[in-house]
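Structure file model.txt; described as compact mmCIF, C-alpha atoms and all ligand atoms.
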```txt
# COMPACT_ATOMS: atom_id res chain seq x y z
CA MET A 234 7.54 -1.87 4.82
CA ALA A 235 4.32 -3.39 3.55
CA ASP A 236 3.55 -3.65 -0.16
CA VAL A 237 1.32 -0.86 -1.33
CA ILE A 238 0.00 -1.87 -4.75
CA GLN A 239 -3.54 -3.22 -5.05
CA LEU A 240 -5.58 -4.36 -8.00
CA LEU A 241 -8.55 -2.05 -8.42
CA PRO A 242 -12.00 -3.58 -8.11
CA ASP A 243 -13.80 -4.01 -11.46
CA SER A 244 -16.31 -1.29 -10.70
CA ILE A 245 -13.53 1.29 -10.41
CA ALA A 246 -11.59 -0.05 -13.39
CA ASN A 247 -14.78 0.19 -15.44
CA GLN A 248 -15.41 3.71 -14.29
CA ILE A 249 -11.91 4.72 -15.35
CA ALA A 250 -12.38 3.10 -18.77
CA ALA A 251 -15.74 4.87 -19.04
CA GLY A 252 -13.89 8.18 -18.86
CA GLU A 253 -12.49 7.44 -22.31
CA VAL A 254 -15.45 5.81 -23.99
CA VAL A 255 -18.40 7.65 -22.46
CA GLN A 256 -18.00 11.38 -22.65
CA ARG A 257 -21.60 12.40 -23.04
CA PRO A 258 -25.02 10.94 -23.94
CA ALA A 259 -24.05 10.91 -27.64
CA SER A 260 -21.18 8.49 -26.89
CA VAL A 261 -23.70 6.06 -25.40
CA VAL A 262 -25.94 6.47 -28.43
CA LYS A 263 -23.04 5.63 -30.75
CA GLU A 264 -22.11 2.47 -28.86
CA LEU A 265 -25.68 1.21 -28.58
CA LEU A 266 -26.52 1.86 -32.23
CA GLU A 267 -23.33 0.09 -33.29
CA ASN A 268 -24.22 -2.91 -31.14
CA SER A 269 -27.63 -3.13 -32.82
CA ILE A 270 -25.98 -3.00 -36.25
CA ASP A 271 -23.54 -5.73 -35.24
CA ALA A 272 -26.52 -7.78 -34.03
CA GLY A 273 -27.91 -7.69 -37.58
CA ALA A 274 -30.91 -5.50 -36.72
CA ARG A 275 -33.15 -4.33 -39.59
CA ASN A 276 -35.14 -1.90 -37.42
CA ILE A 277 -33.57 0.30 -34.79
CA THR A 278 -35.44 2.76 -32.59
CA LEU A 279 -33.62 5.31 -30.48
CA ILE A 280 -35.61 7.02 -27.74
CA VAL A 281 -34.04 9.81 -25.73
CA ARG A 282 -35.29 12.12 -23.03
CA GLU A 283 -33.82 15.43 -21.94
CA GLY A 284 -30.91 15.33 -24.35
CA GLY A 285 -30.17 11.77 -23.20
CA LYS A 286 -29.53 12.82 -19.62
CA SER A 287 -32.49 10.97 -18.13
CA LEU A 288 -33.01 8.26 -20.76
CA ILE A 289 -31.30 6.72 -23.77
CA GLN A 290 -33.13 3.66 -25.03
CA VAL A 291 -32.35 1.55 -28.07
CA ILE A 292 -34.74 -1.11 -29.30
CA ASP A 293 -33.61 -3.49 -32.03
CA ASP A 294 -34.78 -6.63 -33.79
CA GLY A 295 -31.30 -8.15 -33.94
CA ILE A 296 -30.12 -11.59 -32.82
CA GLY A 297 -30.66 -10.98 -29.09
CA MET A 298 -28.70 -12.65 -26.31
CA SER A 299 -28.89 -15.84 -24.28
CA GLU A 300 -29.50 -15.69 -20.54
CA THR A 301 -25.79 -16.04 -19.77
CA ASP A 302 -24.69 -13.55 -22.42
CA ALA A 303 -27.18 -11.01 -21.11
CA ARG A 304 -25.18 -10.88 -17.90
CA LEU A 305 -21.72 -11.37 -19.46
CA CYS A 306 -22.06 -8.51 -21.93
CA PHE A 307 -21.51 -6.08 -19.05
CA GLU A 308 -18.12 -7.56 -18.13
CA ARG A 309 -15.05 -5.75 -19.35
CA HIS A 310 -13.34 -7.26 -22.41
CA ALA A 311 -16.41 -9.41 -22.95
CA THR A 312 -17.13 -9.64 -26.66
CA SER A 313 -18.56 -12.08 -29.17
CA LYS A 314 -16.77 -10.30 -32.01
CA ILE A 315 -13.11 -11.28 -31.78
CA ARG A 316 -11.38 -14.27 -30.27
CA THR A 317 -7.72 -14.06 -31.18
CA ALA A 318 -5.14 -11.33 -31.67
CA ASP A 319 -5.18 -12.13 -35.39
CA ASP A 320 -8.83 -11.15 -35.53
CA LEU A 321 -7.75 -7.59 -34.68
CA PHE A 322 -6.36 -7.30 -38.19
CA ASN A 323 -9.53 -8.45 -39.85
CA ILE A 324 -12.34 -6.55 -38.21
CA ARG A 325 -15.70 -6.55 -39.94
CA THR A 326 -17.90 -5.48 -37.02
CA MET A 327 -18.38 -2.04 -35.50
CA GLY A 328 -17.41 -3.25 -32.03
CA PHE A 329 -14.62 -5.57 -30.91
CA ARG A 330 -13.18 -4.09 -27.72
CA GLY A 331 -15.84 -5.51 -25.43
CA GLU A 332 -15.72 -2.34 -23.38
CA ALA A 333 -18.74 -0.25 -24.19
CA LEU A 334 -21.43 -1.91 -22.11
CA ALA A 335 -19.11 -2.39 -19.12
CA SER A 336 -18.17 1.28 -19.28
CA ILE A 337 -21.72 2.52 -19.70
CA ALA A 338 -22.97 0.28 -16.88
CA ALA A 339 -20.28 1.74 -14.59
CA VAL A 340 -21.69 5.24 -14.87
CA ALA A 341 -25.46 4.79 -15.18
CA GLU A 342 -28.48 2.66 -14.39
CA VAL A 343 -29.03 0.08 -17.10
CA GLU A 344 -32.02 -2.08 -17.91
CA LEU A 345 -31.55 -4.77 -20.56
CA LYS A 346 -34.28 -6.94 -22.01
CA THR A 347 -33.25 -9.41 -24.64
CA ARG A 348 -34.45 -12.56 -26.35
CA ARG A 349 -33.16 -14.71 -29.17
CA THR A 350 -35.78 -16.01 -31.58
CA ILE A 351 -34.94 -19.60 -30.58
CA ASP A 352 -35.71 -18.90 -26.90
CA GLU A 353 -39.23 -18.90 -25.53
CA VAL A 354 -38.50 -16.51 -22.71
CA GLY A 355 -36.18 -13.57 -22.64
CA THR A 356 -33.92 -12.20 -19.93
CA GLU A 357 -34.06 -8.95 -18.05
CA VAL A 358 -30.93 -7.62 -16.35
CA ASN A 359 -30.75 -4.51 -14.20
CA ILE A 360 -27.40 -3.00 -13.33
CA SER A 361 -26.55 0.17 -11.46
CA ALA A 362 -23.00 1.52 -11.30
CA SER A 363 -21.59 -1.92 -12.24
CA GLU A 364 -23.60 -3.69 -9.50
CA LEU A 365 -26.06 -6.35 -10.56
CA VAL A 366 -29.43 -5.29 -9.14
CA SER A 367 -31.59 -8.07 -10.56
CA GLN A 368 -31.85 -10.67 -13.28
CA GLN A 369 -34.97 -12.59 -14.20
CA PRO A 370 -36.70 -14.31 -17.10
CA ILE A 371 -39.30 -12.15 -18.83
CA ALA A 372 -41.58 -12.23 -21.82
CA CYS A 373 -40.31 -9.81 -24.46
CA GLN A 374 -40.07 -9.43 -28.21
CA ALA A 375 -37.13 -11.01 -30.00
CA GLY A 376 -34.13 -8.70 -30.15
CA THR A 377 -32.69 -6.35 -27.59
CA GLN A 378 -34.02 -3.33 -25.71
CA ILE A 379 -31.53 -1.49 -23.59
CA SER A 380 -32.25 1.58 -21.46
CA ILE A 381 -29.58 3.81 -19.97
CA LYS A 382 -31.01 5.98 -17.22
CA ASN A 383 -29.48 8.87 -15.32
CA LEU A 384 -26.12 8.83 -17.04
CA PHE A 385 -23.26 9.88 -14.72
CA PHE A 386 -25.53 9.82 -11.64
CA ASN A 387 -22.52 8.52 -9.70
CA VAL A 388 -19.94 10.80 -11.37
CA PRO A 389 -21.09 14.28 -10.32
CA ALA A 390 -18.16 16.02 -12.02
CA ARG A 391 -19.15 14.55 -15.40
CA ARG A 392 -22.84 15.15 -14.84
CA LYS A 393 -22.14 18.79 -14.07
CA PHE A 394 -20.23 19.33 -17.29
CA LEU A 395 -23.01 18.13 -19.54
CA LYS A 396 -24.35 20.92 -21.72
CA SER A 397 -27.98 21.97 -22.18
CA ASP A 398 -30.47 19.37 -23.42
CA SER A 399 -30.48 20.97 -26.86
CA VAL A 400 -26.69 20.86 -27.19
CA GLU A 401 -26.56 17.24 -26.03
CA LEU A 402 -29.37 16.42 -28.46
CA LYS A 403 -27.36 17.97 -31.30
CA HIS A 404 -24.48 15.62 -30.54
CA ILE A 405 -26.90 12.70 -30.40
CA ILE A 406 -28.39 13.65 -33.78
CA SER A 407 -24.90 13.80 -35.23
CA GLU A 408 -24.12 10.23 -34.06
CA PHE A 409 -27.54 9.12 -35.32
CA GLN A 410 -26.76 10.62 -38.73
CA ARG A 411 -23.40 8.90 -38.92
CA VAL A 412 -24.74 5.43 -38.18
CA SER A 413 -27.90 5.79 -40.25
CA LEU A 414 -25.90 7.07 -43.24
CA ALA A 415 -23.58 4.09 -42.98
CA TYR A 416 -26.55 1.67 -43.10
CA PRO A 417 -29.31 3.07 -45.33
CA GLU A 418 -30.79 -0.43 -45.74
CA VAL A 419 -31.66 -0.44 -42.02
CA ALA A 420 -34.75 1.43 -40.72
CA PHE A 421 -34.03 3.99 -38.00
CA THR A 422 -36.26 6.11 -35.78
CA LEU A 423 -35.16 8.85 -33.42
CA ASN A 424 -37.62 10.04 -30.80
CA HIS A 425 -36.84 12.86 -28.37
CA ASN A 426 -39.16 13.68 -25.45
CA GLY A 427 -42.01 11.83 -27.18
CA ASN A 428 -41.59 13.40 -30.64
CA ASP A 429 -40.30 11.53 -33.68
CA LEU A 430 -37.47 13.65 -35.09
CA TYR A 431 -36.57 11.14 -37.80
CA LYS A 432 -38.38 8.12 -39.17
CA LEU A 433 -36.16 6.62 -41.84
CA PRO A 434 -37.43 3.65 -43.86
CA PRO A 435 -34.95 1.16 -45.32
CA SER A 436 -33.73 2.77 -48.53
CA GLY A 437 -30.88 3.53 -50.88
CA LEU A 438 -28.22 6.04 -49.99
CA LYS A 439 -29.72 9.02 -51.78
CA GLN A 440 -33.08 8.61 -50.10
CA ARG A 441 -31.36 8.26 -46.74
CA ILE A 442 -29.46 11.51 -47.29
CA VAL A 443 -32.72 13.23 -48.21
CA GLY A 444 -34.42 11.71 -45.15
CA LEU A 445 -31.78 13.26 -42.93
CA PHE A 446 -31.04 16.57 -44.63
CA GLY A 447 -34.24 17.42 -46.47
CA LYS A 448 -35.53 17.26 -50.04
CA ASN A 449 -33.52 20.24 -51.24
CA ILE A 450 -30.23 18.46 -51.01
CA ASN A 451 -31.31 15.94 -53.66
CA GLN A 452 -30.69 18.17 -56.68
CA HIS A 453 -27.31 19.23 -55.30
CA LEU A 454 -25.73 15.79 -55.16
CA ILE A 455 -23.21 14.59 -57.72
CA ASP A 456 -22.26 10.90 -57.96
CA ILE A 457 -18.75 9.93 -57.16
CA SER A 458 -17.33 6.49 -57.76
CA THR A 459 -14.05 4.84 -58.60
CA GLN A 460 -12.31 1.56 -58.06
CA THR A 461 -8.66 0.59 -57.88
CA SER A 462 -6.91 -2.54 -56.70
CA ILE A 463 -6.67 -1.19 -53.15
CA VAL A 464 -9.93 0.64 -52.62
CA LYS A 465 -13.47 1.01 -53.89
CA LEU A 466 -14.96 4.45 -53.43
CA GLY A 467 -18.54 5.63 -53.87
CA GLY A 468 -21.10 8.15 -52.66
CA TYR A 469 -22.04 11.73 -53.39
CA ILE A 470 -20.46 15.15 -53.29
CA GLY A 471 -22.31 18.46 -53.26
CA LYS A 472 -22.31 20.96 -56.10
CA PRO A 473 -19.85 23.78 -55.41
CA GLU A 474 -22.50 26.50 -55.42
CA CYS A 475 -24.31 24.73 -52.59
CA ALA A 476 -21.31 24.75 -50.26
CA LYS A 477 -22.12 26.14 -46.83
CA LYS A 478 -20.23 28.45 -44.55
CA SER A 479 -20.63 26.04 -41.67
CA ALA A 480 -19.24 22.52 -41.60
CA GLY A 481 -21.70 19.72 -40.89
CA GLU A 482 -22.46 17.65 -43.96
CA GLN A 483 -19.02 16.14 -44.43
CA PHE A 484 -18.94 12.38 -44.00
CA PHE A 485 -16.34 9.72 -44.63
CA PHE A 486 -17.17 6.07 -44.06
CA VAL A 487 -14.74 3.19 -44.16
CA ASN A 488 -16.21 -0.31 -44.29
CA GLY A 489 -19.43 0.91 -42.69
CA ARG A 490 -17.77 3.01 -40.03
CA PHE A 491 -17.84 6.81 -39.81
CA MET A 492 -14.33 8.25 -39.93
CA LYS A 493 -12.85 11.65 -39.13
CA ASN A 494 -9.95 12.42 -41.40
CA PRO A 495 -8.56 15.96 -41.76
CA PHE A 496 -5.92 14.75 -44.22
CA LEU A 497 -8.46 13.31 -46.66
CA HIS A 498 -10.76 16.28 -46.06
CA LYS A 499 -7.95 18.37 -47.54
CA ALA A 500 -7.94 16.19 -50.65
CA ILE A 501 -11.55 17.19 -51.22
CA MET A 502 -11.05 20.87 -50.42
CA ASN A 503 -8.08 20.88 -52.73
CA ALA A 504 -10.07 19.24 -55.55
CA TYR A 505 -12.82 21.86 -55.33
CA ASP A 506 -10.08 24.46 -55.35
CA ARG A 507 -11.36 27.76 -56.76
CA LEU A 508 -14.85 26.44 -57.35
CA LEU A 509 -15.74 27.28 -53.75
CA PRO A 510 -16.46 30.70 -52.29
CA SER A 511 -13.91 31.38 -49.59
CA GLY A 512 -14.71 29.89 -46.20
CA ALA A 513 -17.31 27.49 -47.59
CA TYR A 514 -17.40 23.72 -47.15
CA PRO A 515 -18.83 21.36 -49.76
CA SER A 516 -21.13 18.56 -48.61
CA TYR A 517 -19.77 15.09 -49.11
CA PHE A 518 -20.78 11.54 -48.35
CA ILE A 519 -17.86 9.34 -49.27
CA TYR A 520 -17.77 5.60 -48.75
CA PHE A 521 -14.53 3.62 -48.86
CA ASP A 522 -14.55 -0.13 -49.18
CA ILE A 523 -11.16 -1.48 -48.36
CA ASP A 524 -9.54 -4.72 -47.26
CA PRO A 525 -9.77 -4.65 -43.42
CA GLN A 526 -6.22 -5.97 -43.32
CA SER A 527 -4.91 -2.74 -44.80
CA ILE A 528 -6.39 -0.46 -42.15
CA ASP A 529 -6.11 -0.12 -38.38
CA VAL A 530 -9.19 1.04 -36.47
CA ASN A 531 -7.74 0.29 -33.06
CA ILE A 532 -6.06 3.66 -32.58
CA HIS A 533 -8.60 5.36 -30.38
CA PRO A 534 -11.37 3.99 -28.10
CA THR A 535 -14.14 5.62 -30.12
CA LYS A 536 -12.68 4.21 -33.35
CA THR A 537 -13.44 7.33 -35.40
CA GLU A 538 -9.79 7.54 -36.40
CA ILE A 539 -8.57 5.01 -38.90
CA LYS A 540 -5.05 4.43 -40.09
CA PHE A 541 -4.57 3.45 -43.72
CA GLU A 542 -1.57 1.48 -44.86
CA ASP A 543 -1.11 3.91 -47.74
CA GLU A 544 -2.85 7.15 -46.91
CA ARG A 545 -1.12 9.18 -49.64
CA MET A 546 -2.38 6.80 -52.29
CA ILE A 547 -5.93 7.06 -50.90
CA TRP A 548 -5.53 10.86 -50.94
CA GLN A 549 -4.69 10.79 -54.62
CA ILE A 550 -7.44 8.39 -55.56
CA LEU A 551 -9.99 10.51 -53.70
CA HIS A 552 -8.67 13.74 -55.15
CA ALA A 553 -8.83 12.39 -58.69
CA ALA A 554 -12.35 11.01 -58.17
CA VAL A 555 -13.64 14.35 -56.88
CA ARG A 556 -12.01 16.19 -59.79
CA GLU A 557 -13.57 13.79 -62.23
CA SER A 558 -17.07 14.12 -60.76
CA LEU A 559 -16.85 17.90 -60.64
CA GLY A 560 -15.57 17.95 -64.22
CA LYS A 561 -18.39 15.79 -65.53
CA PHE A 562 -20.90 17.88 -63.73
CA SER A 563 -19.67 21.16 -65.12
CA VAL A 564 -19.44 19.86 -68.70
CA THR A 565 -22.79 18.05 -68.79
CA PRO A 566 -25.09 19.34 -66.11
CA SER A 567 -27.39 16.42 -65.43
CA ILE A 568 -31.04 16.66 -64.66
CA ASP A 569 -32.12 14.37 -61.91
CA PHE A 570 -35.72 13.19 -61.95
CA ASP A 571 -35.55 10.74 -59.10
CA THR A 572 -36.69 12.34 -55.87
P1 LIG A 601 -18.28 -5.07 -28.36
O1 LIG A 601 -19.36 -4.44 -29.18
O2 LIG A 601 -16.95 -4.42 -28.55
O3 LIG A 601 -18.23 -6.56 -28.50
P2 LIG A 601 -19.94 -4.24 -26.12
O4 LIG A 601 -19.62 -3.98 -24.68
O5 LIG A 601 -20.51 -3.12 -26.90
O6 LIG A 601 -18.62 -4.78 -26.80
O7 LIG A 601 -20.92 -5.47 -26.21
C1 LIG A 601 -20.55 -6.72 -25.61
C2 LIG A 601 -21.25 -7.89 -26.28
O8 LIG A 601 -22.64 -7.84 -25.96
C3 LIG A 601 -21.21 -7.88 -27.80
O9 LIG A 601 -20.01 -8.48 -28.29
C4 LIG A 601 -22.45 -8.68 -28.17
O10 LIG A 601 -22.17 -10.08 -28.12
C5 LIG A 601 -23.42 -8.37 -27.02
N1 LIG A 601 -24.39 -7.33 -27.41
C6 LIG A 601 -24.35 -6.01 -27.11
N2 LIG A 601 -25.40 -5.34 -27.63
C7 LIG A 601 -26.15 -6.25 -28.29
C8 LIG A 601 -27.38 -6.19 -29.05
N3 LIG A 601 -28.03 -5.03 -29.25
N4 LIG A 601 -27.85 -7.35 -29.56
C9 LIG A 601 -27.20 -8.53 -29.39
N5 LIG A 601 -26.04 -8.65 -28.70
C10 LIG A 601 -25.51 -7.53 -28.15
MG MG A 602 -20.11 -2.55 -28.94
```

Show this structure as structure tokens.
Amino acid sequence: MADVIQLLPDSIANQIAAGEVVQRPASVVKELLENSIDAGARNITLIVREGGKSLIQVIDDGIGMSETDARLCFERHATSKIRTADDLFNIRTMGFRGEALASIAAVAEVELKTRRTIDEVGTEVNISASELVSQQPIACQAGTQISIKNLFFNVPARRKFLKSDSVELKHIISEFQRVSLAYPEVAFTLNHNGNDLYKLPPSGLKQRIVGLFGKNINQHLIDISTQTSIVKLGGYIGKPECAKKSAGEQFFFVNGRFMKNPFLHKAIMNAYDRLLPSGAYPSYFIYFDIDPQSIDVNIHPTKTEIKFEDERMIWQILHAAVRESLGKFSVTPSIDFDT
């Protein structure tokens, strides 16, 4: 009998990997924004059309790519961010898996224009469903512009399961919020179907929160901050009376990365205890700074889950910090003049 096992061609392997990384337009948005952050961009513009179904474009003023890198970045496991297995335990960038662009390019039409400041001409690369369509030198601004068109055009099952433009846009806005909250010092714009939905100047955290959630939230924010030998924690929590019945303004960040964490969410709920009306969620924007060696972000392809070496300790530190901030606030209500 003949052997039956074959190695899959890259285009199929990439499409399979894309199933994990690219669920909907918002997943593309997340990966592209993170790449711009990793590239050191100070200005990032996100342009989407039809909830991201026809176009997702990100324009940044980051370091750009060389001619060779502009092609290589679409290969699987191609990354400039880690080199050795040891690096996996000391991650300081948003990306490191070298999978996002390969996955995205497997399920869409991609146009990349990029130039480093040291290069006189830039490079344009066009890829469709993992196939290189064209590559040529072009004149372009320094930085990177990448356009993802017709997402899932070659995966009809996925395309069919996309929700309405407005639902997909909601998911995109949520990713945009997460990244722009993690980097208030970076300017972000979000444009949908030709309208600017957000235009966020570089700012401090409070101004960024106001830019995203409106002026009203300003007077409802209470400082939170604490530091121990294992973690530094900062940010804002919302006054109990401003808690909302719907979840949506709950954010944890670890070393500049948004994190979902039901366990630590409970620490906060527990600290608010009877201060909250039943069924209400307090707003929070909590930032953890922690030694990258004591966390593992490589649990899930989207990296929104993070494993802490000592999660119970973090729970207690967070719980105590929330209690302390709520206590201070109720004893000495502070008036905040800075809007
Ligand atoms: P990862 O971010 O995990 O390294 P990606 O597939 O997202 O993998 O990107 C591959 C590589 O392409 C990156 O490591 C980086 O070198 C380069 N790259 C991607 N986007 C940009 C960008 N906006 N500016 C500069 N370089 C980029
Ligand atoms: Mg990346």

Taking only C-alpha atoms and all ligand atoms into account, report as a list in words which residues have an atom no farther than 6 Å from an atom of ligand LIG 601 (chain A).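 Those residues are Asn268, Ser269, Ala272, Gly295, Ile296, Gly297, Met298, Cys306, Ala311, Thr312, Ser313, Lys314, Gly328, Phe329, Arg330, Gly331, Glu332, Ala333, Leu334, Ala335 and Thr377 of chain A.
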
So that I can see what lies close to A:Glu353, please list as a list of chain:residue names the residues with an atom at most 12 Å from it, counting all atoms listed in the file and leaving out residues fewer than 3 positions away in the same chain. A:Ser299, A:Glu300, A:Thr347, A:Arg348, A:Arg349, A:Thr350, A:Thr356, A:Pro370, A:Ile371, A:Ala372, A:Cys373, A:Gln374, A:Ala375

Between atom CA of A:Asp320 and atom CA of A:Asn488, what is the spacing in Å? 15.8 Å

Rounded to one decimal, what separation in Å do you get between atom CA of A:Ser413 and atom CA of A:Gln378?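 Taking atom CA of A:Ser413 as the start and atom CA of A:Gln378 as the end point, the length is 18.2 Å.
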
Proximity to ligand MG 602 (chain A) - best of A:Gln483, A:Thr535, A:Asn503, A:Gly512, all atoms listed in the file: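 Answer, going by the shortest atom-to-atom distance: A:Thr535.
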
From the set A:Met492, A:Pro534, A:Leu551, A:Thr422, which residue has the shortest atom-to-atom contact distance to ligand MG 602 (chain A), counting all atoms listed in the file?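 Going through A:Met492, A:Pro534, A:Leu551, A:Thr422 one by one, the smallest distance to ligand MG 602 (chain A) is for A:Pro534.
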
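Remark: for ligand MG 602 (chain A), the closest of the candidate residues A:Ile379, A:Ile547, A:Leu266, A:Leu240 is A:Leu266 (distances computed over all atoms listed in the file).
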
Restricting the calculation to only C-alpha atoms: of A:Leu241, A:Leu509, A:Leu384, A:Val281, which residue gets closest to A:Glu474?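 Of the candidates, the smallest distance to A:Glu474 is held by A:Leu509.
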
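Counting only C-alpha atoms and all ligand atoms, the residue from A:Met234, A:Leu430, A:Ile270, A:Leu445 that sits nearest to ligand MG 602 (chain A) is A:Ile270.
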
So, counting all atoms listed in the file, which residue among A:Lys561, A:Arg441, A:Lys382, A:Arg304 is closest to A:Ile457?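 Answer, going by the shortest atom-to-atom distance: A:Lys561.
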
Write out as an NGL selection string each polymer residue whose atoms come within 8 Å of A:Gly489, counting all atoms listed in the file; drop sequence neighbours fewer than 3 positions from it. :A and (327 or 415-416 or 486 or 520)

Figure out the distance between atom CA of A:Gln549 and atom CA of A:Phe484, please, to one decimal in Å.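 Distance reported for this atom pair: 17.8 Å.
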
Excluding A:Ser363 and any residue of its chain fewer than 6 positions from it, enumerate the residues within 6 Å of it, using all atoms listed in the file, and give them as a compact mmCIF listing (two decimals) with C-alpha atoms, in the frame of the given file.
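Dumped to around10.txt:
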```txt
# COMPACT_ATOMS: atom_id res chain seq x y z
CA SER A 244 -16.31 -1.29 -10.70
CA ALA A 338 -22.97 0.28 -16.88
CA ALA A 339 -20.28 1.74 -14.59
```
